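Colleague: Sharing a structure with you now.
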Amino acid sequence: QVQLAESGGGSVQAGGSLRLACVASRIIYAMSWFRQAPGKEREEVATISRRAGITHIADSVQGRFTISRDSAETTLYLQMNNLKPDDTAIYYCAGRDAGARDFRHWGQGIQVTVST
């Protein structure tokens, strides 16, 4: 079982920045950030894979958020700039193995709160 551990969340004012990190216990083919706000469905924010690089960036964060991995490919980052109150959510790190259709590995989630 893969372990995923998120860090870097917190509270920030609108226009500010945060950087989330997710450490995986092993290399995973594709890794993503999802988020879920109260009363809303879970949203795939950004995804990066070993073969294709960045494969998804949600329209809602395009130009403001950047997903990346370290050279060891076990730490996933999400640099979030120009944060807006609508970005307030629990952010989850997720992993998908090669050949798998679903994200089967999930972190516990970390709160990001953006105030006006």
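Identifiers for the structure tokens are assigned positionally: chains receive A, B, ... in sequence, residues are indexed from 1 per chain, and ligands are indexed from 1 in the order shown.
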Mind listing the strand (DSSP E or B) residues of stretch 18-113 of chain A, per DSSP on the backbone, as number ranges by chain?

Modeller: A: 18-24, 30-36, 43-49, 53-57, 65-69, 75-80, 89-96, 105-106, 110-113

Colleague: Mind writing the picked residues with C-alpha atoms as a short mmCIF file (atom, residue, chain, number, x, y, z; two decimals), in the first residue's frame?

Modeller:
data_model
loop_
_atom_site.label_atom_id
_atom_site.label_comp_id
_atom_site.auth_asym_id
_atom_site.auth_seq_id
_atom_site.Cartn_x
_atom_site.Cartn_y
_atom_site.Cartn_z
CA LEU A 18 0.78 28.57 -0.79
CA ARG A 19 2.81 25.55 -1.82
CA LEU A 20 1.46 22.09 -1.12
CA ALA A 21 3.70 19.05 -0.99
CA CYS A 22 2.88 15.34 -1.06
CA VAL A 23 5.47 12.72 -0.21
CA ALA A 24 4.86 9.22 -1.58
CA ALA A 30 0.66 9.45 -12.26
CA MET A 31 -0.02 11.80 -9.39
CA SER A 32 -2.69 14.40 -8.99
CA TRP A 33 -4.11 17.05 -6.76
CA PHE A 34 -7.84 16.97 -6.16
CA ARG A 35 -9.89 19.31 -4.03
CA GLN A 36 -13.31 19.31 -2.46
CA GLU A 43 -12.53 18.37 -8.56
CA GLU A 44 -9.35 17.19 -10.26
CA VAL A 45 -7.06 20.20 -10.04
CA ALA A 46 -3.91 19.02 -11.81
CA THR A 47 -2.24 15.79 -12.89
CA ILE A 48 1.28 14.83 -13.88
CA SER A 49 2.49 11.47 -15.22
CA GLY A 53 4.26 15.17 -18.04
CA ILE A 54 1.44 17.51 -17.07
CA THR A 55 -1.75 16.00 -18.44
CA HIS A 56 -4.42 18.10 -16.74
CA ILE A 57 -4.88 21.57 -15.29
CA PHE A 65 -1.43 26.90 -10.07
CA THR A 66 1.56 24.82 -11.11
CA ILE A 67 2.01 21.09 -10.54
CA SER A 68 5.47 19.56 -10.43
CA ARG A 69 7.49 16.63 -9.08
CA THR A 75 7.38 14.31 -3.95
CA LEU A 76 4.55 16.12 -5.69
CA TYR A 77 4.07 19.86 -5.42
CA LEU A 78 1.28 22.31 -6.11
CA GLN A 79 2.35 25.93 -6.24
CA MET A 80 -0.75 28.05 -5.79
CA ALA A 89 -11.19 23.42 0.00
CA ILE A 90 -9.60 20.28 1.31
CA TYR A 91 -6.82 19.33 -1.10
CA TYR A 92 -5.97 15.70 -1.65
CA CYS A 93 -2.93 14.07 -3.19
CA ALA A 94 -3.75 10.99 -5.27
CA GLY A 95 -1.80 8.40 -7.21
CA ARG A 96 -2.57 6.13 -10.14
CA HIS A 105 -3.90 5.85 -3.61
CA TRP A 106 -5.05 8.84 -1.57
CA ILE A 110 -5.11 19.12 3.85
CA GLN A 111 -7.15 22.26 4.39
CA VAL A 112 -6.57 25.41 2.36
CA THR A 113 -8.55 28.47 3.40
#

Colleague: Which residues, written as a ChimeraX atom specification, have at least one atom at most 12 Å from A:Asp86, with only C-alpha atoms counted and residues fewer than 4 positions away on the same chain left out?

Modeller: /A:13-15,35-38,40,60-61,82,90,112-116

Colleague: Can you spit out the residues from that selection as a short mmCIF file (atom, residue, chain, number, x, y, z; two decimals), in the first residue's frame, using N, CA, C and O atoms?

Modeller:
data_model
loop_
_atom_site.label_atom_id
_atom_site.label_comp_id
_atom_site.auth_asym_id
_atom_site.auth_seq_id
_atom_site.Cartn_x
_atom_site.Cartn_y
_atom_site.Cartn_z
N GLN A 13 -4.67 35.14 2.82
CA GLN A 13 -5.59 36.13 2.27
C GLN A 13 -5.62 36.02 0.75
O GLN A 13 -4.66 35.55 0.12
N ALA A 14 -6.71 36.47 0.19
CA ALA A 14 -6.85 36.47 -1.26
C ALA A 14 -5.67 37.19 -1.90
O ALA A 14 -5.23 38.24 -1.41
N GLY A 15 -5.16 36.61 -2.98
CA GLY A 15 -4.00 37.15 -3.65
C GLY A 15 -2.69 36.55 -3.18
O GLY A 15 -1.64 36.75 -3.81
N ARG A 35 -9.39 18.50 -5.14
CA ARG A 35 -9.89 19.31 -4.03
C ARG A 35 -11.39 19.15 -3.91
O ARG A 35 -12.08 18.83 -4.88
N GLN A 36 -11.87 19.37 -2.70
CA GLN A 36 -13.31 19.31 -2.46
C GLN A 36 -13.69 20.38 -1.47
O GLN A 36 -13.19 20.42 -0.34
N ALA A 37 -14.56 21.25 -1.94
CA ALA A 37 -15.09 22.32 -1.10
C ALA A 37 -16.41 21.86 -0.48
O ALA A 37 -17.09 20.99 -1.02
N PRO A 38 -16.81 22.44 0.63
CA PRO A 38 -18.07 22.05 1.27
C PRO A 38 -19.25 22.16 0.31
O PRO A 38 -19.42 23.20 -0.35
N LYS A 40 -19.68 20.79 -2.49
CA LYS A 40 -19.33 20.66 -3.91
C LYS A 40 -18.72 19.29 -4.19
O LYS A 40 -18.23 18.63 -3.29
N SER A 60 -10.24 26.37 -13.85
CA SER A 60 -10.41 27.29 -12.72
C SER A 60 -9.08 27.72 -12.10
O SER A 60 -9.03 28.73 -11.39
N VAL A 61 -8.00 26.98 -12.36
CA VAL A 61 -6.71 27.32 -11.75
C VAL A 61 -5.64 27.60 -12.80
O VAL A 61 -4.51 27.92 -12.46
N ASN A 82 -1.87 33.72 -6.46
CA ASN A 82 -3.08 34.53 -6.65
C ASN A 82 -4.32 33.77 -6.18
O ASN A 82 -5.31 33.66 -6.91
N ILE A 90 -10.57 21.27 0.86
CA ILE A 90 -9.60 20.28 1.31
C ILE A 90 -8.91 19.75 0.04
O ILE A 90 -9.59 19.35 -0.91
N VAL A 112 -7.02 24.12 2.87
CA VAL A 112 -6.57 25.41 2.36
C VAL A 112 -7.74 26.37 2.50
O VAL A 112 -8.83 26.10 1.99
N THR A 113 -7.51 27.47 3.18
CA THR A 113 -8.55 28.47 3.40
C THR A 113 -8.06 29.82 2.91
O THR A 113 -7.00 30.28 3.31
N VAL A 114 -8.84 30.43 2.02
CA VAL A 114 -8.49 31.73 1.46
C VAL A 114 -9.56 32.73 1.88
O VAL A 114 -10.74 32.55 1.57
N SER A 115 -9.14 33.77 2.56
CA SER A 115 -10.08 34.77 3.06
C SER A 115 -9.98 36.05 2.24
O SER A 115 -8.97 36.33 1.61
N THR A 116 -11.06 36.82 2.29
CA THR A 116 -11.08 38.08 1.55
C THR A 116 -10.39 39.17 2.36
O THR A 116 -10.15 39.05 3.55
#

Colleague: Would you work out the distance separating atom CA of A:Ser25 from atom CA of A:Ala52, expressed in Å to one decimal?

Modeller: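 Atom CA of A:Ala52 lies at a distance of 21.6 Å from atom CA of A:Ser25.
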
Colleague: Using only C-alpha atoms, find the one residue out of A:Phe103, A:Gly39, A:Tyr29, A:Val2 that sits nearest to A:Glu73.

Modeller: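 Of A:Phe103, A:Gly39, A:Tyr29, A:Val2, the one nearest A:Glu73 is A:Tyr29, counting only C-alpha atoms.
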
Colleague: Work out how far apart atom CA of A:Asp102 and atom CA of A:Gln62 are and give it in Å to one decimal.

Modeller: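 Atom-to-atom, atom CA of A:Asp102 and atom CA of A:Gln62 are spaced 23.4 Å apart.
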